[in-house]
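J.: One file: data.txt (compact mmCIF, C-alpha atoms).
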```txt
# COMPACT_ATOMS: atom_id res chain seq x y z
CA MET A 24 -13.09 -7.88 -5.66
CA THR A 25 -10.51 -5.47 -6.99
CA HIS A 26 -7.15 -6.52 -8.38
CA THR A 27 -4.35 -4.16 -7.38
CA SER A 28 -1.06 -5.84 -8.33
CA CYS A 29 -0.95 -4.11 -11.71
CA THR A 30 -0.81 -0.68 -10.04
CA SER A 31 0.92 -1.45 -6.73
CA ASP A 32 4.35 -0.40 -8.02
CA LEU A 33 2.96 3.11 -8.59
CA ILE A 34 1.70 3.57 -5.03
CA ALA A 35 4.03 4.23 -2.08
CA TRP A 36 1.38 4.29 0.64
CA GLY A 37 -2.35 3.63 1.02
CA CYS A 38 -5.06 3.98 3.66
CA THR A 39 -8.43 2.45 4.45
CA GLY A 40 -11.25 4.68 5.67
CA ALA A 41 -12.93 4.92 9.04
CA ARG A 42 -16.19 3.48 7.71
CA THR A 43 -14.52 0.34 6.37
CA VAL A 44 -12.47 -0.55 9.44
CA ASP A 45 -14.73 -3.56 10.11
CA SER A 46 -14.98 -4.59 6.46
CA GLN A 47 -13.61 -8.08 5.87
CA VAL A 48 -13.22 -7.33 2.16
CA HIS A 49 -10.89 -4.40 2.93
CA ARG A 50 -8.90 -6.44 5.44
CA GLU A 51 -8.35 -9.16 2.86
CA MET A 52 -7.38 -6.63 0.20
CA VAL A 53 -4.84 -4.92 2.49
CA SER A 54 -3.31 -8.31 3.35
CA GLY A 55 -2.26 -8.70 -0.28
CA LEU A 56 -1.06 -5.18 -1.06
CA GLU A 57 2.65 -4.61 -1.62
CA MET A 58 2.89 -1.22 0.04
CA PRO A 59 2.40 0.03 3.62
CA VAL A 60 -1.27 0.67 4.34
CA GLY A 61 -2.69 2.82 7.13
CA VAL A 62 -5.84 1.68 8.91
CA LYS A 63 -8.06 4.36 10.40
CA HIS A 64 -10.17 3.69 13.47
CA ASP A 65 -13.91 4.31 13.25
CA VAL A 66 -15.67 7.69 13.32
CA TYR A 67 -16.44 7.30 17.03
CA GLY A 68 -12.80 7.08 18.08
CA HIS A 69 -12.65 3.35 18.92
CA VAL A 70 -8.96 2.69 18.34
CA ASN A 71 -9.17 -1.01 19.31
CA GLN A 72 -11.30 -1.77 16.25
CA ALA A 73 -8.52 -0.53 13.99
CA MET A 74 -6.03 -2.73 15.84
CA ASP A 75 -8.28 -5.75 15.24
CA SER A 76 -8.29 -4.83 11.56
CA ILE A 77 -4.48 -4.53 11.50
CA ILE A 78 -4.15 -7.99 13.06
CA SER A 79 -6.39 -9.40 10.33
CA ALA A 80 -4.66 -7.51 7.51
CA SER A 81 -1.23 -8.62 8.67
CA SER A 82 -2.32 -12.26 8.43
CA GLY A 83 -2.73 -14.36 5.32
CA HIS A 84 -6.14 -14.85 3.67
CA THR A 85 -7.74 -16.84 0.88
CA HIS A 86 -10.57 -14.99 -0.83
CA LEU A 87 -12.23 -14.15 -4.14
CA SER A 88 -10.68 -11.37 -6.20
CA ILE A 89 -9.74 -10.45 -9.75
CA GLY A 90 -6.52 -12.02 -10.98
CA GLN A 91 -3.80 -10.49 -13.14
CA ASN A 92 -5.48 -11.90 -16.24
CA GLY A 93 -8.77 -10.20 -15.35
CA LEU A 94 -10.52 -13.40 -14.29
CA VAL A 95 -12.37 -14.16 -11.07
CA SER A 96 -9.81 -15.99 -9.00
CA GLN A 97 -9.13 -17.53 -5.64
CA VAL A 98 -6.40 -15.35 -4.18
CA THR A 99 -4.13 -16.36 -1.31
CA THR A 100 -2.24 -13.58 0.48
CA ARG A 101 0.64 -13.67 2.94
CA GLY A 102 -0.39 -10.65 5.00
CA ASN A 103 0.82 -7.07 5.07
CA LYS A 104 3.31 -6.70 7.91
CA TYR A 105 3.48 -2.94 7.33
CA ALA A 106 -0.19 -2.29 8.07
CA HIS A 107 -0.29 0.44 10.72
CA LEU A 108 -2.66 2.62 12.72
CA VAL A 109 -3.99 6.02 11.64
CA LEU A 110 -5.41 8.25 14.38
CA ARG A 111 -8.15 10.47 12.94
CA GLY A 112 -10.04 11.72 16.00
CA GLY A 113 -13.56 10.64 16.77
CA GLY A 114 -17.14 11.46 17.46
CA GLU A 115 -17.91 14.09 14.83
CA SER A 116 -20.64 11.79 13.48
CA SER A 117 -22.16 11.05 16.89
CA THR A 118 -24.27 13.11 19.26
CA GLN A 119 -21.31 13.66 21.57
CA TYR A 120 -17.89 14.69 20.31
CA THR A 121 -15.25 12.45 21.89
CA GLY A 122 -12.25 14.57 21.05
CA THR A 123 -8.99 14.63 19.15
CA ASN A 124 -6.16 12.11 19.46
CA TYR A 125 -3.14 13.87 18.00
CA ASP A 126 -1.66 14.84 21.39
CA THR A 127 1.40 13.13 22.84
CA THR A 128 -0.61 11.15 25.40
CA ALA A 129 -2.99 9.66 22.84
CA ILE A 130 -0.21 8.79 20.39
CA THR A 131 1.98 7.22 23.09
CA LYS A 132 -0.93 5.24 24.53
CA ALA A 133 -1.80 3.87 21.09
CA SER A 134 1.83 2.96 20.40
CA ILE A 135 2.18 1.06 23.66
CA ARG A 136 -1.03 -0.89 22.99
CA LEU A 137 0.20 -1.75 19.48
CA GLY A 138 3.43 -3.05 21.00
CA GLU A 139 1.49 -5.26 23.39
CA LEU A 140 -0.24 -6.81 20.36
CA ASN A 141 3.09 -7.27 18.51
CA LEU A 142 2.00 -4.80 15.82
CA ALA A 143 3.91 -1.93 14.23
CA ARG A 144 4.30 0.64 17.02
CA LYS A 145 4.39 3.62 14.67
CA VAL A 146 1.22 5.64 14.03
CA VAL A 147 0.21 8.17 11.40
CA VAL A 148 -2.01 11.08 12.44
CA ASP A 149 -4.81 12.37 10.24
CA CYS A 150 -5.01 16.12 10.94
CA SER A 151 -8.42 16.34 9.29
CA HIS A 152 -11.77 14.65 9.97
CA GLY A 153 -12.33 14.13 13.71
CA ASN A 154 -9.03 15.74 14.61
CA SER A 155 -10.16 18.98 12.97
CA ARG A 156 -13.91 18.61 13.64
CA LYS A 157 -14.06 18.98 9.85
CA THR A 158 -12.98 22.61 10.16
CA PRO A 159 -9.96 23.17 7.89
CA GLU A 160 -8.38 25.82 10.11
CA ASN A 161 -8.13 23.21 12.87
CA GLN A 162 -5.84 21.10 10.70
CA VAL A 163 -3.22 23.80 11.17
CA ILE A 164 -3.54 23.48 14.96
CA ALA A 165 -3.05 19.71 14.76
CA ALA A 166 -0.08 20.02 12.40
CA ASN A 167 1.61 22.58 14.65
CA GLU A 168 1.22 20.23 17.62
CA LEU A 169 2.85 17.41 15.66
CA ILE A 170 5.72 19.69 14.65
CA LYS A 171 6.35 20.33 18.36
CA GLN A 172 6.36 16.59 19.03
CA ILE A 173 8.94 16.00 16.32
CA ALA A 174 11.07 18.82 17.71
CA HIS A 175 11.12 17.25 21.18
CA ARG A 176 11.02 13.65 19.96
CA LYS A 177 9.85 12.03 23.18
CA LEU A 178 10.29 8.24 23.15
CA THR A 179 7.75 5.76 24.51
CA PRO A 180 8.76 4.56 27.99
CA LEU A 181 8.58 0.82 27.30
CA HIS A 182 9.89 0.30 23.76
CA GLN A 183 11.95 3.50 23.47
CA VAL A 184 10.64 4.39 20.01
CA PHE A 185 9.41 7.67 18.58
CA PRO A 186 5.80 6.69 17.86
CA LEU A 187 4.90 9.33 15.24
CA ALA A 188 5.52 7.98 11.73
CA GLY A 189 3.75 10.66 9.74
CA LEU A 190 0.72 12.83 9.20
CA MET A 191 -2.07 13.41 6.73
CA LEU A 192 -3.26 16.82 5.58
CA GLU A 193 -6.46 17.22 3.61
CA SER A 194 -5.60 19.95 1.14
CA ASN A 195 -6.66 21.42 -2.18
CA LEU A 196 -5.64 24.47 -4.19
CA LYS A 197 -7.86 26.72 -2.09
CA MET A 198 -9.19 26.51 1.46
CA GLY A 199 -12.74 25.45 2.28
CA LYS A 200 -15.38 23.42 0.44
CA GLN A 201 -18.38 23.90 -1.82
CA GLU A 202 -21.50 21.89 -2.46
CA ALA A 203 -21.32 19.18 -5.10
CA PRO A 204 -23.18 20.22 -8.27
CA ARG A 205 -26.66 18.81 -8.84
CA ASN A 206 -27.26 20.16 -12.33
CA ALA A 207 -25.59 22.00 -15.21
CA ASP A 208 -26.16 25.41 -13.63
CA ASP A 209 -24.40 24.27 -10.45
CA VAL A 210 -21.44 23.06 -12.48
CA ARG A 211 -20.99 26.48 -14.05
CA LYS A 212 -20.99 28.06 -10.58
CA LEU A 213 -18.20 25.88 -9.23
CA ALA A 214 -15.15 27.72 -7.91
CA TYR A 215 -11.83 26.48 -9.27
CA GLY A 216 -9.59 24.62 -6.82
CA VAL A 217 -12.16 24.31 -3.99
CA SER A 218 -13.11 20.88 -2.65
CA ILE A 219 -16.60 19.47 -3.24
CA THR A 220 -16.18 16.83 -0.53
CA ASP A 221 -14.46 17.53 2.81
CA ALA A 222 -13.25 21.01 3.68
CA CYS A 223 -9.54 21.41 2.92
CA ILE A 224 -6.68 23.72 3.71
CA GLY A 225 -5.15 25.68 0.83
CA TRP A 226 -2.01 24.86 -1.12
CA GLU A 227 0.08 27.65 0.40
CA THR A 228 -0.72 26.47 3.94
CA THR A 229 0.14 22.89 2.96
CA GLY A 230 3.45 23.99 1.47
CA SER A 231 4.50 26.06 4.48
CA HIS A 232 3.90 23.16 6.87
CA TRP A 233 5.73 20.76 4.63
CA GLN A 234 8.76 23.03 4.61
CA GLU A 235 8.76 22.99 8.42
CA PHE A 236 8.74 19.20 8.44
CA ARG A 237 11.56 19.10 5.92
CA GLY A 238 13.53 21.36 8.22
CA PHE A 239 13.12 18.95 11.12
CA SER A 240 14.10 16.04 8.90
CA ARG A 241 17.58 17.54 8.63
CA ILE A 242 17.85 17.41 12.42
CA HIS A 243 16.55 13.89 13.08
CA PRO A 244 18.25 11.02 11.16
CA LEU A 245 15.05 8.94 11.61
CA LEU A 246 13.24 11.31 9.27
CA GLN A 247 15.97 12.22 6.81
CA ARG A 248 15.24 9.59 4.19
CA ALA A 249 11.47 9.99 4.63
CA ALA A 250 11.28 13.69 3.81
CA GLY A 251 11.46 14.52 0.15
CA PRO A 252 9.62 16.76 -2.28
CA GLN A 253 7.72 13.80 -3.74
CA ALA A 254 6.04 12.99 -0.40
CA ALA A 255 4.06 16.19 -0.03
CA SER A 256 1.10 14.93 1.98
CA CYS A 257 2.48 12.23 4.25
CA LEU A 258 5.76 11.91 6.15
CA LEU A 259 6.66 8.26 6.72
CA SER A 260 9.48 6.82 8.75
CA VAL A 261 12.09 4.59 7.15
CA GLU A 262 10.69 1.30 8.41
CA PHE A 263 7.36 1.97 6.66
CA LEU A 264 9.06 2.74 3.35
CA GLN A 265 10.63 -0.68 3.01
CA ARG A 266 9.17 -2.74 0.17
CA THR A 267 7.22 -5.85 1.16
CA VAL A 268 7.62 -9.14 -0.63
CA SER A 269 5.00 -10.04 -3.24
CA SER A 270 2.16 -11.48 -1.19
CA ARG A 271 -0.41 -12.86 -3.62
CA THR A 272 -0.90 -16.23 -5.28
CA GLU A 273 -3.83 -16.80 -7.58
CA LYS A 274 -5.95 -19.71 -8.70
CA GLN A 275 -8.39 -19.16 -11.55
CA LEU A 276 -11.92 -20.19 -10.60
CA PHE A 277 -14.15 -19.21 -13.50
CA PRO A 278 -13.13 -19.01 -17.18
CA TRP A 279 -14.30 -15.64 -18.50
CA ASP A 280 -15.51 -17.09 -21.82
CA ALA A 281 -17.63 -19.69 -20.03
CA LEU A 282 -19.34 -16.96 -18.01
CA CYS A 283 -19.87 -14.41 -20.76
CA GLY A 284 -19.71 -16.28 -24.04
CA PRO A 285 -18.70 -14.44 -27.19
CA LYS A 286 -20.60 -11.30 -26.23
CA LYS A 287 -18.64 -8.13 -25.62
CA LEU A 288 -19.53 -6.55 -22.29
CA SER A 289 -19.25 -2.87 -21.48
CA PHE A 290 -19.27 -1.34 -18.00
```
I need this file expressed as structure tokens, please.

T.:
Amino acid sequence: MTHTSCTSDLIAWGCTGARTVDSQVHREMVSGLEMPVGVKHDVYGHVNQAMDSIISASSGHTHLSIGQNGLVSQVTTRGNKYAHLVLRGGGESSTQYTGTNYDTTAITKASIRLGELNLARKVVVDCSHGNSRKTPENQVIAANELIKQIAHRKLTPLHQVFPLAGLMLESNLKMGKQEAPRNADDVRKLAYGVSITDACIGWETTGSHWQEFRGFSRIHPLLQRAAGPQAASCLLSVEFLQRTVSSRTEKQLFPWDALCGPKKLSF
């Protein structure tokens, strides 16, 4: 029950995670957000589940949330028509690795299926997670493949669209990862600029790939307006950068004073 309207103007793009693709709460939240939101498929590579989530998020909902005045409210949303698919590879959490899905065939197949469901036919590719088998060096391989696809810009046979809208790179100041600290001694041993969650590529590698994408943006008009220095981690096509109309109406359900009385609560 998180209210997001007060910060939505600060966010150009968002994404839900693979482990929340079936979460009704996340689907309802996305339906009321005022920015494009990517929806990842699950960790096993089941792309259809993400498409079900996009259908739900693009529809209107009425649900409990926190209103602009900080009160528990009944919120009605209009749906997020810019919700779109994120391909992140699959199977790294299962006993059998099911493979990557950043190749042309996988992206085109997903785009065609999205078109059949009357959903946004553009997809964003996550170069990390399943597509890198959580090995940061493999992100470079995925990014290089996507650069080739942009260079050739092959259109889907049915809808004649270029299906790749952007990519995600998991980066930090330095490559690799380190264990999260468990005590004060561990904190003192932390290396500066190294991730304590997923393994990342370094800042120099991120910058070099971004420069390559900016170079291609000068060639393809579709990407010209999407490529700028402020969009360092995700390249989005023009149709995903359009602003959606405000999509939330609120009805206060519970007066805060009636619930809490005069006491001051701290969280």

J.: Find the residues of segment 66-185 of chain A that sit at most 7 Å from segment 213-224 of chain A; for each, write down the nearest two atoms and how far apart they are in Å, to one decimal. Count all atoms listed in the file. Sort by chain, then by number going up, and give it as a tab-separated table.

T.:
```
residue	atom	partner	partner_atom	distance
A:Lys157	CA	A:Ala222	CA	6.5
A:Thr158	CA	A:Ala222	CA	6.7
A:Pro159	CA	A:Cys223	CA	5.3
A:Glu160	CA	A:Ile224	CA	6.9
```

J.: Pull the neighbourhood of (-10.9, 4.6, 12.9) for me: all residues within 10 Å in file coordinates, counting all atoms listed in the file, as a PyMOL selection string.

T.: chain A and resi 39-45+62-74+76+108-113+153

J.: May I ask for the distance between atom CA of Asp32 of chain A and atom CA of Leu137 of chain A, given in Å to one decimal place?

T.: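 Interatomic distance, atom CA of Asp32 of chain A to atom CA of Leu137 of chain A: 27.8 Å.
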
J.: Find the residues around Val48 of chain A up to 12 Å (all atoms listed in the file counted), leave out those fewer than 4 positions away in its own chain, and share them as a list in words.

T.: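 Here the answer would be Met24, Thr25, Thr39, Thr43, Val44, Met52, Val53, Ser54, Gly55, Ser76, Ser79, Ala80, His84, Thr85, His86, Leu87 and Ser88 of chain A.
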
J.: For a test of reading the model, state the distance in Å between atom CA of Asn167 of chain A and atom CA of Ala143 of chain A, rounded to one decimal.

T.: 24.6 Å

J.: Please indicate the distance in Å from atom CA of Ile34 of chain A to atom CA of Met191 of chain A, rounded to one decimal place.

T.: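 These atoms are spaced 15.8 Å apart.
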
J.: In terms of the shortest atom-to-atom distance over all atoms listed in the file, which of A:Leu33, A:Arg176, A:Ile170, A:Ser151 is closest to Gln234 of chain A?

T.: A:Ile170
